[in-house]
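Here is the structure we will look at, set down as structure tokens.
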Amino acid sequence: MKLNFFALLLCFVIAVVSSTAAASSSADSFAPDDNIRLVIYTSHKVEIYQPIIREFEQRTGIWVQVTSGGTNDMLRQIALESDYAQADLMFGGGVESLDAYSDYFDELPADIGEGLDTHATVSGKWLPFSLLPVVLIYNSKLVTRPPESWANLLDSRWSGRIAYASPDISGSSYTALVTLLLAIPGDDEEILRLFYQSLEGKVLESSGYVVDAVSEGDCLVGITLEETALKGIAAGKEIGIVYPADGTSSVPDGIAIIKDCAHRENALAFIRFVLGADVQRRLITSYYRHSVLSALMDDDTQAQEIQLLDYDIQWASVQKDRILMLWNQMVAGE
Amino acid sequence: MHRILIVDDELMVRRGVALGVDWQQMGCIVAAEATNGAEGLRLALELKPDLIITDIRMPKMDGLAMLAELRKQGCNSKAIVLTAYDEFSFAQKALRLGAVDYLLKPFRDQDLAGAVTRILEQTTTPCVPSPQSLLPDIPKAPSKYVAETVQYIVCHYSDHEIGIADIAGNLCVSESHLSHVFKKETNCTVTSYLTCYRIHVAMMKLRDHRPKIYEVAEMVGYRDVNYFGSIFKKLTGLSPSEYQERCT
Amino acid sequence: MKHWIRRSFKTRIFFTVLLVSLLPLIICDVIMLPILIAHSEQKLAQESAQQMRLIQTALTDVMDSLNRSLRELSRDKTVFTMFSENSADDSALYALLFQAATNTGNYAGIGLYDDQGICRYAINGTNLGSVLPTDWGVLYAAGQSAEPVYADGSGDTVFYAAICVRDEEQAIAGYVAFSLDDNGIDRLFSAVNNTPTDILLLNARWESLYHTRSSQGDTVAAALRQQLLNGEKLTGTGGEFAYLVEKEQTSGFFIVVQNPKILTDTIVRAFYLISILMGVLCLLLCFWGAWLLSRHLSRPIQELSHAMGEVERGRYEVRLRENREDELGLLSKGFNRMTREYLLNLKRSVQRQKELNDTRLRMMQAQLNPHFLYNTLDSMKWLGAANDMPQFAEMATDLAFILRSSITGSNLIPLQKELELIEHYINIQSIRFEDRFTCEIDIAERYQSCLVPKLVLQPLVENAILHGVAGQDDGYIKISAHEEANALIVSVSDNGCGMPEEVLEQLNSPDKRILGEHLGLHNVDSIIKLYFGASYGITADSGLGRDTRVSVRLPVIRKEETDAQDFDR
């Protein structure tokens with residue numbers, strides 16, 4: 001008798017509770033199928049990736065999910081997820097960094113690199129997206145005689161007034177460091193020490209601070225990417241650009257497909273899109289960058305003027321551990 | 001010879017008194033018997049006995065009236081009143097009429113003897129009960145246990161704490177067996193024999209010396225002199241001090 | 001479970017209290033709360049649906065009108081001429097454009113862009129001479145299709161609707177584009193929605209185009225998009241709003257109606273948290289309350305049953321505390337009254353019995369003149385003596401002594417006198433039993449003066465003779481005494497057949513019932529207890545086939561002064 005009553009009560013309760021659950025709004029009918037989805041990890045800034053991705057979505061109807069973050073963070077995440085890839089594509093990050101993680105990327109079809117400038121293409125695991133020359137900047141108000149070369153930078157008059165981000169944190173800072181080592185002849189360790197001494201211990205936490213540090217006068221000179229500098233100038237910051245006379249690097253940032261990803265076809269479509277003329281043209285016109293398409297490079301007069309070093313991407317990638325260890329030793333020795 | 005007059009309406013009583021006491025030993029003789037107060041009065045006046053033993057309740061004239069009359073008529077005979085009534089008023093009257101003693105029926109023969117003795121003492125040499133009469137008889141050939149018990153008692157009577165348990169223990173026999181055997185042969189219990197023996201010794205001591213009563217009590221194994229006195233009186237009819245007096 | 005509940009009323013109280021307090025709580029939480037939540041959600045959904053219908057209709061109307069106008073304009077000769085020959089009748093064109101604007105409700109700006117993407121003609125906010133890229137965005141999309149296309153806008157523009165104008169060779173001659181900005185959309189939506197509802201416009205891939213509160217547009221849209229892709233319920237950011245999404249068919253855009261929830265997620269969580277806390281509190285209070293209540297009730301009951309047990313065991317002095325006013329207090333008072341009455345009754349009945357005995361005795365004494373008895377016994381004595389029956393005489397004398405002692409004198413006599421009495425008694429019994437037993441009285445002189453109740457030892461000796469040694473030839477009875485803890489213990493031991501277990505138990509237990517043939521012992525025990533108290537009385541030590549020892553325990557009372565009358569007889 002008592003059991004019956006309880007059973008009845010229980011049924012009633014369940015009915016009430018479940019009906020409340022049913023009342024929730026479910027828009028599952030609008031959800032896209034899995035075959036029109038794409039998941040991208042990117043280290044680009046939102047003002048760069050968003051228009052590109054939106055256009056891609058518009059043209060293809062593919063739904064893209066974006067997670068953004070620092071290059072190293074994104075790459076480490078990919079490494080962590082290597083057993084069960086959550087993302088399909090890595091969009092951005094210096095190619096040296098991509099190269100270091102090439103084990104986690106998929107082989108790309110041979111035809112996909114058509115039209116690319118051969119200088120930039122080295123590996124079958126990643127492709128270049130845009131070129132990023134490293135430049136020196138100086139405060140246009142405070143500095144009358146800006147440094148002309150990497151060697152100049154080591155002059156005593158710049159000691160302690162150099163804006164430079166830690167190569168341990170920033171991929172572009174590491175590239176700049178290798179560029180400096182390549183530009184200035186001599187023993188790597190010696191040059192590294194000289195450079196570190198010039199910094200007088202002042203190392204910035206992020207490459208994003210470099211432009212502000214110089215324009216606000218905390219530092220007289222700085223090392224950054226051309227794109228960042230041009231954007232700064234366009235924004236009205238009081239800086240000037242110097243393309244080092246002893247040459248600089250123009251290391252591209254890249255794009256790669258993650259191994260065993262879920263939407264490989266869509267990823268390939270995205271790569272084709274970003275390496276297509278429409279996007280690459282916009283790099284030059286809207287993003288202060290340089291294209292990797294050989295067809296467009298011919299039109300990029302600005303790029304042609306830059307004195308380039310022979311920057312061995314693979315050498316830089318292999319040396320990374322050693323150089324960073326030396327760097328950290330010096331930091332610790334302080 | 002002292003002459004006794006017995007006055008009682010019951011034959012039984014008269015016979016009992018006459019035969020119950022050893023008058024000869026006490027130096028007395030039953031002179032006459034009367035069945036009522038009037039007869040008693042006549043016989044008393046006629047025979048002038050030394051002692052009148054009378055009942056109170058009798059037809060014709062009760063004992064007290066008879067005594068009163070006798071006294072009126074100048075008779076000085078000693079009187080012992082026997083009665084069933086323990087009323088104080090009778091006792092008082094009897095005493096006033098010069099009765100020496102007042103015995104309640106039924107009485108023990110010793111009581112009567114004792115009373116008679118007391119009276120006769122006042123007129124003649126007192127007659128004291130002998131110590132020997134006190135002791136119960138031991139058979140000629142006592143059994144081992146009886147003999148040993150007696151022996152033990154003879155040696156240890158002065159011990160305050162002695163009891164049947166000690167005696168039986170000393171003889172290595174059970175109390176019950178000892179008690180039975182002793183009673184059978186002597187018609188007396190062990191404890192009562194002990195008591196008798198003690199009083200017997202006390203009588204000896206009182207007669208032979210002039211010790212203090214409490215010393216005697218102590219000597220025979222009693223610490224409580226009052227208790228000793230009450231036991232002494234029960235067995236002899238006299239208190240220790242009276243006995244001591246009589247013997248000297 | 002049922003059995004457990006029934007066993008103790010404490011558990012019953014607990015479960016009742018638990019049920020009484022938890023049941024309403026459960027009903028409230030489990031039934032009412034979900035109903036409340038469901039109802040409010042349902043109401044909200046209805047409202048949202050209603051609003052959605054209105055908005056959807058309005059938007060679709062606009063989209064359709066845009067669609068129509070675009071088609072018309074793209075086929076219009078004047079427009080085509082302008083593009084192909086680069087010359088036109090300005091006023092005619094503008095008239096067209098204004099007409100188109102009117103047709104479409106004047107929400108959008110209209111622009112005619114040439115094949116380079118330069119705006120040649122513009123009204124309603126579109127800027128003349130502004131450039132839209134032809135390789136990107138809306139113009140690119142328009143160029144790829146013959147139908148009107150709908151694309152995201154940038155900056156102030158929410159979205160574009162455009163169509164390309166083609167020449168006979170299907171080459172692109174130019175574009176017609178409508179652009180709607182925030183203001184236009186605001187006006188469009190506020191025409192149909194004057195409630196505080198927020199509206200979002202999302203593109204085909206659920207990216208934010210427009211939000212009534214523009215600052216929140218991106219975050220809310222991003223959250224909704226993520227939830228859609230993950231297959232989760234659409235709760236936006238924070239669970240304070242309910243969302244209803246519908247697709248606008250013409251453009252492929254999505255309309256989202258955002259209504260504040262009456263019962264937001266936080267509130268619901270708070271509800272459940274509170275109800276759980278209430279439940280726990282309830283449970284604790286139940287435990288505490290039930291415990292208190294049952295203790296309150298069970299303690300007096302326990303005390304009562306304990307007291308009853310005491311009374312059963314014969315301790316009539318036990319009393320309960322009378323400190324309660326309620327029914328249990330009445331019970332306690334009643335119990336106390338009852339035991340008091342009982343004790344009184346007991347005392348009264350003993351007293352009455354004594355009085356009865358006294359009265360009977362006095363009656364006996366009055367009726368049966370003791371002098372008659374004494375005279376008779378005296379005659380018997382003389383008769384015995386005359387007929388040479390000394391034992392007969394002795395019996396008569398002893399009996400007379402016992403008789404006289406028992407009806408005269410005080411009730412307390414020295415032990416010495418009592419022993420004298422016993423000796424007479426034993427004499428008589430010895431004659432009856434033909435010397436089959438002996439009796440030794442071995443009592444130290446220091447006890448001889450202690451006062452004892454008259455005839456206290458007689459039943460013990462009688463018991464020893466009748467039940468102890470009756471069947472033997474060598475019966476041995478010993479009367480002894482010793483002192484123990486300020487009490488006088490007089491013992492009568494016999495070497496008889498012993499007492500059976502149950503008789504022994506009854507003799508020794510404080511709770512003595514009538515012992516039938518051992519009535520005498522019971523009487524003695526009662527008398528002693530009544531005179532002197534419960535700690536005195538009779539105890540026995542025996543066993544079948546063993547010696548028996550019955551002892552009477554009395555207080556030590558000494559008679560100090562010598563009583564001349566008693567021993568000078």
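Letters A, B, ... mark the chains of the structure tokens in the order given; residue numbers begin at 1 per chain; ligand numbers begin at 1, in order shown.
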
Could you work out which residues of chain B fall inside 8 Å of chain C? Count only C-alpha atoms, and format the result as an mmCIF file with N, CA and C atoms, in the first residue's frame.
data_model
loop_
_atom_site.group_PDB
_atom_site.id
_atom_site.type_symbol
_atom_site.label_atom_id
_atom_site.label_comp_id
_atom_site.auth_asym_id
_atom_site.auth_seq_id
_atom_site.Cartn_x
_atom_site.Cartn_y
_atom_site.Cartn_z
ATOM 1 N N MET B 12 -4.551 -33.338 96.157
ATOM 2 C CA MET B 12 -3.336 -33.419 95.348
ATOM 3 C C MET B 12 -2.222 -32.580 95.917
ATOM 4 N N VAL B 13 -2.611 -31.368 96.199
ATOM 5 C CA VAL B 13 -1.619 -30.414 96.702
ATOM 6 C C VAL B 13 -1.058 -30.865 98.031
ATOM 7 N N ARG B 15 -0.995 -33.857 99.298
ATOM 8 C CA ARG B 15 -0.136 -35.026 99.110
ATOM 9 C C ARG B 15 1.202 -34.593 98.573
ATOM 10 N N GLY B 16 1.116 -33.717 97.557
ATOM 11 C CA GLY B 16 2.331 -33.252 96.874
ATOM 12 C C GLY B 16 3.297 -32.580 97.833
ATOM 13 N N GLY B 20 6.494 -34.326 98.516
ATOM 14 C CA GLY B 20 7.447 -33.734 97.574
ATOM 15 C C GLY B 20 8.730 -33.255 98.229
ATOM 16 N N ALA B 84 -2.231 -19.768 93.136
ATOM 17 C CA ALA B 84 -2.084 -19.605 91.674
ATOM 18 C C ALA B 84 -2.124 -18.141 91.279
ATOM 19 N N TYR B 85 -2.598 -17.331 92.243
ATOM 20 C CA TYR B 85 -2.793 -15.926 91.894
ATOM 21 C C TYR B 85 -1.506 -15.151 92.092
ATOM 22 N N LYS B 105 1.808 -21.208 92.375
ATOM 23 C CA LYS B 105 1.600 -22.548 91.806
ATOM 24 C C LYS B 105 1.590 -22.472 90.302
ATOM 25 N N PRO B 106 2.092 -23.480 89.586
ATOM 26 C CA PRO B 106 2.840 -24.624 90.140
ATOM 27 C C PRO B 106 4.285 -24.263 90.398
ATOM 28 N N PHE B 107 4.776 -24.743 91.448
ATOM 29 C CA PHE B 107 6.136 -24.397 91.838
ATOM 30 C C PHE B 107 6.988 -25.640 91.811
ATOM 31 N N ARG B 108 8.261 -25.372 91.824
ATOM 32 C CA ARG B 108 9.187 -26.507 91.867
ATOM 33 C C ARG B 108 9.411 -26.888 93.320
ATOM 34 N N GLU B 161 35.777 -18.452 78.073
ATOM 35 C CA GLU B 161 35.298 -18.687 76.713
ATOM 36 C C GLU B 161 34.918 -20.120 76.429
ATOM 37 N N GLY B 163 33.309 -23.589 75.759
ATOM 38 C CA GLY B 163 31.979 -23.990 75.328
ATOM 39 C C GLY B 163 32.026 -25.391 74.773
ATOM 40 N N ILE B 164 30.919 -25.895 74.353
ATOM 41 C CA ILE B 164 30.876 -27.285 73.870
ATOM 42 C C ILE B 164 31.747 -27.443 72.641
ATOM 43 N N GLU B 175 30.293 -32.364 67.886
ATOM 44 C CA GLU B 175 29.490 -31.814 68.976
ATOM 45 C C GLU B 175 28.267 -32.659 69.212
ATOM 46 N N SER B 176 27.585 -33.040 68.101
ATOM 47 C CA SER B 176 26.312 -33.758 68.251
ATOM 48 C C SER B 176 26.524 -35.095 68.944
ATOM 49 N N HIS B 177 27.546 -35.779 68.529
ATOM 50 C CA HIS B 177 27.816 -37.105 69.134
ATOM 51 C C HIS B 177 28.108 -36.966 70.621
ATOM 52 N N SER B 179 27.313 -34.530 72.579
ATOM 53 C CA SER B 179 26.124 -34.096 73.294
ATOM 54 C C SER B 179 25.197 -35.277 73.594
ATOM 55 N N HIS B 180 25.007 -36.099 72.584
ATOM 56 C CA HIS B 180 24.113 -37.265 72.754
ATOM 57 C C HIS B 180 24.620 -38.221 73.814
ATOM 58 N N LYS B 183 24.429 -36.724 77.280
ATOM 59 C CA LYS B 183 23.063 -36.652 77.791
ATOM 60 C C LYS B 183 22.535 -38.022 78.185
ATOM 61 N N THR B 189 22.904 -31.946 79.772
ATOM 62 C CA THR B 189 23.671 -31.488 78.600
ATOM 63 C C THR B 189 25.051 -31.048 79.036
ATOM 64 N N VAL B 190 25.941 -30.993 78.100
ATOM 65 C CA VAL B 190 27.328 -30.631 78.406
ATOM 66 C C VAL B 190 27.386 -29.232 78.998
ATOM 67 N N THR B 191 26.679 -28.302 78.345
ATOM 68 C CA THR B 191 26.714 -26.928 78.834
ATOM 69 C C THR B 191 26.149 -26.824 80.239
ATOM 70 N N TYR B 222 33.081 -16.620 85.311
ATOM 71 C CA TYR B 222 32.060 -15.643 84.911
ATOM 72 C C TYR B 222 32.613 -14.249 85.091
ATOM 73 N N ARG B 223 32.507 -13.454 84.063
ATOM 74 C CA ARG B 223 32.966 -12.069 84.158
ATOM 75 C C ARG B 223 31.863 -11.166 84.662
ATOM 76 N N ASP B 224 30.622 -11.544 84.314
ATOM 77 C CA ASP B 224 29.483 -10.716 84.727
ATOM 78 C C ASP B 224 28.990 -11.231 86.067
ATOM 79 N N ASN B 226 26.604 -10.194 87.946
ATOM 80 C CA ASN B 226 25.143 -10.285 88.037
ATOM 81 C C ASN B 226 24.651 -11.580 87.445
ATOM 82 N N TYR B 227 25.230 -11.890 86.324
ATOM 83 C CA TYR B 227 24.840 -13.140 85.661
ATOM 84 C C TYR B 227 25.198 -14.326 86.529
ATOM 85 N N SER B 230 22.679 -14.633 89.164
ATOM 86 C CA SER B 230 21.373 -15.182 88.769
ATOM 87 C C SER B 230 21.457 -16.679 88.533
ATOM 88 N N LYS B 233 21.646 -18.441 91.981
ATOM 89 C CA LYS B 233 20.355 -18.494 92.648
ATOM 90 C C LYS B 233 19.439 -19.514 92.031
ATOM 91 N N SER B 239 21.042 -16.589 96.840
ATOM 92 C CA SER B 239 22.020 -15.759 96.150
ATOM 93 C C SER B 239 23.382 -16.063 96.734
#

message: Among range 84-117 of chain B, which ones does DSSP assign to helix (DSSP H, G or I) (computed from the backbone)? Answer as a VMD selection string.
response: chain B and resid 88 to 96 109 to 117

message = If you run DSSP on the backbone here, which positions in range 28-209 of chain B get strand (DSSP E or B)? Please write them as a PyMOL selection string.
response = chain B and resi 28-34+51-55+78-83+99-104

Now that the selection is made, can you save its residues with N, CA and C atoms as a PDB file, in the first residue's frame?
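Okay, out32.pdb is ready:
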ATOM      1  N   CYS B  28      12.106 -31.660 109.785  1.00  0.00           N
ATOM      2  CA  CYS B  28      10.704 -31.249 109.955  1.00  0.00           C
ATOM      3  C   CYS B  28       9.805 -32.458 109.895  1.00  0.00           C
ATOM      4  N   ILE B  29       8.598 -32.259 110.331  1.00  0.00           N
ATOM      5  CA  ILE B  29       7.590 -33.330 110.241  1.00  0.00           C
ATOM      6  C   ILE B  29       6.263 -32.686 109.944  1.00  0.00           C
ATOM      7  N   VAL B  30       5.511 -33.361 109.055  1.00  0.00           N
ATOM      8  CA  VAL B  30       4.167 -32.835 108.767  1.00  0.00           C
ATOM      9  C   VAL B  30       3.251 -33.235 109.905  1.00  0.00           C
ATOM     10  N   ALA B  31       2.833 -32.232 110.638  1.00  0.00           N
ATOM     11  CA  ALA B  31       2.034 -32.517 111.823  1.00  0.00           C
ATOM     12  C   ALA B  31       0.594 -32.826 111.446  1.00  0.00           C
ATOM     13  N   ALA B  32       0.031 -31.998 110.574  1.00  0.00           N
ATOM     14  CA  ALA B  32      -1.369 -32.206 110.210  1.00  0.00           C
ATOM     15  C   ALA B  32      -1.685 -31.587 108.868  1.00  0.00           C
ATOM     16  N   GLU B  33      -2.832 -31.959 108.318  1.00  0.00           N
ATOM     17  CA  GLU B  33      -3.339 -31.359 107.071  1.00  0.00           C
ATOM     18  C   GLU B  33      -4.745 -30.839 107.283  1.00  0.00           C
ATOM     19  N   ALA B  34      -5.062 -29.686 106.716  1.00  0.00           N
ATOM     20  CA  ALA B  34      -6.434 -29.154 106.831  1.00  0.00           C
ATOM     21  C   ALA B  34      -6.976 -28.917 105.429  1.00  0.00           C
ATOM     22  N   LEU B  51       5.417 -24.012 111.412  1.00  0.00           N
ATOM     23  CA  LEU B  51       5.253 -23.479 110.033  1.00  0.00           C
ATOM     24  C   LEU B  51       3.915 -23.910 109.476  1.00  0.00           C
ATOM     25  N   ILE B  52       3.225 -22.946 108.880  1.00  0.00           N
ATOM     26  CA  ILE B  52       1.958 -23.275 108.216  1.00  0.00           C
ATOM     27  C   ILE B  52       2.136 -23.024 106.718  1.00  0.00           C
ATOM     28  N   ILE B  53       1.867 -24.090 105.948  1.00  0.00           N
ATOM     29  CA  ILE B  53       1.876 -23.919 104.477  1.00  0.00           C
ATOM     30  C   ILE B  53       0.426 -23.919 104.011  1.00  0.00           C
ATOM     31  N   THR B  54      -0.002 -22.755 103.460  1.00  0.00           N
ATOM     32  CA  THR B  54      -1.431 -22.644 103.186  1.00  0.00           C
ATOM     33  C   THR B  54      -1.710 -22.078 101.781  1.00  0.00           C
ATOM     34  N   ASP B  55      -2.865 -22.522 101.267  1.00  0.00           N
ATOM     35  CA  ASP B  55      -3.385 -21.967 100.021  1.00  0.00           C
ATOM     36  C   ASP B  55      -4.191 -20.724 100.365  1.00  0.00           C
ATOM     37  N   LYS B  78       5.177 -19.306 111.670  1.00  0.00           N
ATOM     38  CA  LYS B  78       5.598 -18.791 110.350  1.00  0.00           C
ATOM     39  C   LYS B  78       4.636 -19.328 109.298  1.00  0.00           C
ATOM     40  N   ALA B  79       4.461 -18.569 108.245  1.00  0.00           N
ATOM     41  CA  ALA B  79       3.541 -19.028 107.195  1.00  0.00           C
ATOM     42  C   ALA B  79       4.155 -18.898 105.802  1.00  0.00           C
ATOM     43  N   ILE B  80       3.899 -19.904 105.022  1.00  0.00           N
ATOM     44  CA  ILE B  80       4.229 -19.820 103.586  1.00  0.00           C
ATOM     45  C   ILE B  80       2.930 -19.919 102.806  1.00  0.00           C
ATOM     46  N   VAL B  81       2.675 -18.952 101.943  1.00  0.00           N
ATOM     47  CA  VAL B  81       1.389 -18.929 101.212  1.00  0.00           C
ATOM     48  C   VAL B  81       1.608 -19.515  99.803  1.00  0.00           C
ATOM     49  N   LEU B  82       0.761 -20.492  99.453  1.00  0.00           N
ATOM     50  CA  LEU B  82       0.808 -21.071  98.091  1.00  0.00           C
ATOM     51  C   LEU B  82      -0.402 -20.599  97.319  1.00  0.00           C
ATOM     52  N   THR B  83      -0.245 -20.143  96.126  1.00  0.00           N
ATOM     53  CA  THR B  83      -1.424 -19.748  95.356  1.00  0.00           C
ATOM     54  C   THR B  83      -1.135 -19.715  93.855  1.00  0.00           C
ATOM     55  N   ALA B  99       3.334 -13.463 106.531  1.00  0.00           N
ATOM     56  CA  ALA B  99       3.820 -14.635 105.767  1.00  0.00           C
ATOM     57  C   ALA B  99       5.254 -14.388 105.373  1.00  0.00           C
ATOM     58  N   VAL B 100       5.988 -15.418 105.476  1.00  0.00           N
ATOM     59  CA  VAL B 100       7.423 -15.284 105.170  1.00  0.00           C
ATOM     60  C   VAL B 100       7.683 -15.406 103.672  1.00  0.00           C
ATOM     61  N   ASP B 101       6.901 -16.209 103.069  1.00  0.00           N
ATOM     62  CA  ASP B 101       7.140 -16.411 101.627  1.00  0.00           C
ATOM     63  C   ASP B 101       5.821 -16.622 100.900  1.00  0.00           C
ATOM     64  N   TYR B 102       5.884 -16.479  99.636  1.00  0.00           N
ATOM     65  CA  TYR B 102       4.681 -16.487  98.786  1.00  0.00           C
ATOM     66  C   TYR B 102       5.055 -17.226  97.516  1.00  0.00           C
ATOM     67  N   LEU B 103       4.536 -18.424  97.381  1.00  0.00           N
ATOM     68  CA  LEU B 103       4.949 -19.244  96.234  1.00  0.00           C
ATOM     69  C   LEU B 103       3.823 -19.351  95.215  1.00  0.00           C
ATOM     70  N   LEU B 104       4.178 -19.229  93.938  1.00  0.00           N
ATOM     71  CA  LEU B 104       3.169 -19.326  92.889  1.00  0.00           C
ATOM     72  C   LEU B 104       3.071 -20.770  92.407  1.00  0.00           C
TER      73      LEU B 104
END

Which polymer residues have any atom within 10 Å of an atom of Ala79 in chain A, counting only C-alpha atoms, with same-chain residues fewer than 5 positions away left out, as a ChimeraX atom specification? /A:73-74,84-85,101,103-105,258

Selection: 9 Å around Asn103 in chain C, only C-alpha atoms, excl. self and same-chain fewer than 4 positions, as a list in words: Ser65, Leu66, Ser69, Phe98 and Gln99 of chain C

> So which residues touch Leu178 in chain B within 8 Å, counting only C-alpha atoms, skipping near sequence neighbours fewer than 4 positions away, as number ranges by chain?
Replying inline: B: 145-146, 168, 173-174, 182

Output the selection as a PDB file, in the first residue's frame - C-alpha atoms for each residue.
ATOM      1  CA  TYR B 145      34.046 -39.275  76.007  1.00  0.00           C
ATOM      2  CA  VAL B 146      32.058 -38.576  79.125  1.00  0.00           C
ATOM      3  CA  ALA B 168      34.298 -31.421  71.341  1.00  0.00           C
ATOM      4  CA  VAL B 173      34.555 -35.719  68.252  1.00  0.00           C
ATOM      5  CA  SER B 174      31.530 -34.044  66.736  1.00  0.00           C
ATOM      6  CA  PHE B 182      26.814 -37.161  77.499  1.00  0.00           C
TER       7      PHE B 182
END

Contact table chain C vs chain A, cut-off 6 Å, shortest pair per residue, only C-alpha atoms, as JSON lines:
{"residue": "C:Ala38", "atom": "CA", "partner": "A:Thr20", "partner_atom": "CA", "distance": 4.8}
{"residue": "C:Leu228", "atom": "CA", "partner": "A:Ala31", "partner_atom": "CA", "distance": 5.9}
{"residue": "C:Lys233", "atom": "CA", "partner": "A:Ser26", "partner_atom": "CA", "distance": 5.9}

Write the selection just made, keeping C-alpha atoms, as a PDB file, in the first residue's frame?
ATOM      1  CA  ALA C  38       8.623  25.347 -16.292  1.00  0.00           C
ATOM      2  CA  LEU C 228      25.189  25.701 -31.231  1.00  0.00           C
ATOM      3  CA  LYS C 233      21.295  24.547 -24.855  1.00  0.00           C
TER       4      LYS C 233
END

Using only C-alpha atoms, which residues sit within 12 Å of range 314-328 of chain C once same-chain residues fewer than 3 positions away are excluded, as a compact mmCIF listing (two decimals) with C-alpha atoms, in the first residue's frame?
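part_15.txt written:
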# COMPACT_ATOMS: atom_id res chain seq x y z
CA HIS C 296 11.00 14.26 27.42
CA LEU C 297 8.44 11.53 27.20
CA SER C 298 10.49 8.44 27.75
CA ARG C 299 12.43 9.53 30.77
CA PRO C 300 9.47 9.79 33.12
CA ILE C 301 8.14 6.54 31.73
CA GLN C 302 11.44 4.84 32.38
CA GLU C 303 11.50 6.26 35.87
CA LEU C 304 8.02 4.97 36.42
CA SER C 305 8.79 1.46 35.27
CA HIS C 306 11.97 1.45 37.35
CA ALA C 307 10.01 2.56 40.39
CA MET C 308 7.46 -0.16 39.74
CA GLY C 309 10.27 -2.68 39.63
CA GLU C 310 11.47 -1.44 42.99
CA VAL C 311 8.02 -1.79 44.47
CA LEU C 331 0.83 9.62 36.62
CA SER C 332 3.81 10.17 38.91
CA LYS C 333 1.66 11.77 41.57
CA GLY C 334 -0.78 8.90 41.32
CA PHE C 335 1.99 6.37 41.62
CA ASN C 336 3.44 8.07 44.68
CA ARG C 337 0.02 8.21 46.28
CA MET C 338 -0.51 4.57 45.51
CA THR C 339 2.75 3.38 47.04
CA ARG C 340 2.27 5.59 50.05
CA GLU C 341 -1.21 4.17 50.55
CA TYR C 342 0.08 0.68 50.04
CA LEU C 343 2.85 1.11 52.58
CA LEU C 344 0.43 2.64 55.01
CA ASN C 345 -1.98 -0.20 54.43
CA LEU C 346 0.75 -2.70 55.00
CA LYS C 347 1.76 -1.06 58.24
CA SER C 509 14.78 -12.98 50.13
CA PRO C 510 13.69 -9.57 51.30
CA ASP C 511 10.41 -10.20 49.61
CA LYS C 512 8.90 -12.86 51.88
CA ARG C 513 5.67 -14.45 50.96
CA ALA C 534 14.24 -3.74 57.35

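What separates CA of Thr186 in chain B from CA of Thr149 in chain B is a distance of 11.6 Å.
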
Contacts of Glu265 in chain A within 12 Å, only C-alpha atoms, excl. fewer than 3 positions in-chain, as a PyMOL selection string:
chain A and resi 34-39+62+88-89+108-109+257-258+260-262+268-272

Students should find that CA of Gly143 in chain C and CA of Phe253 in chain C are spaced 20.0 Å

(Q) What's the separation between CA of Thr228 in chain A and CA of Lys45 in chain A, in Å to one decimal place? (A)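 According to the coordinates, CA of Thr228 in chain A and CA of Lys45 in chain A are separated by 11.2 Å.
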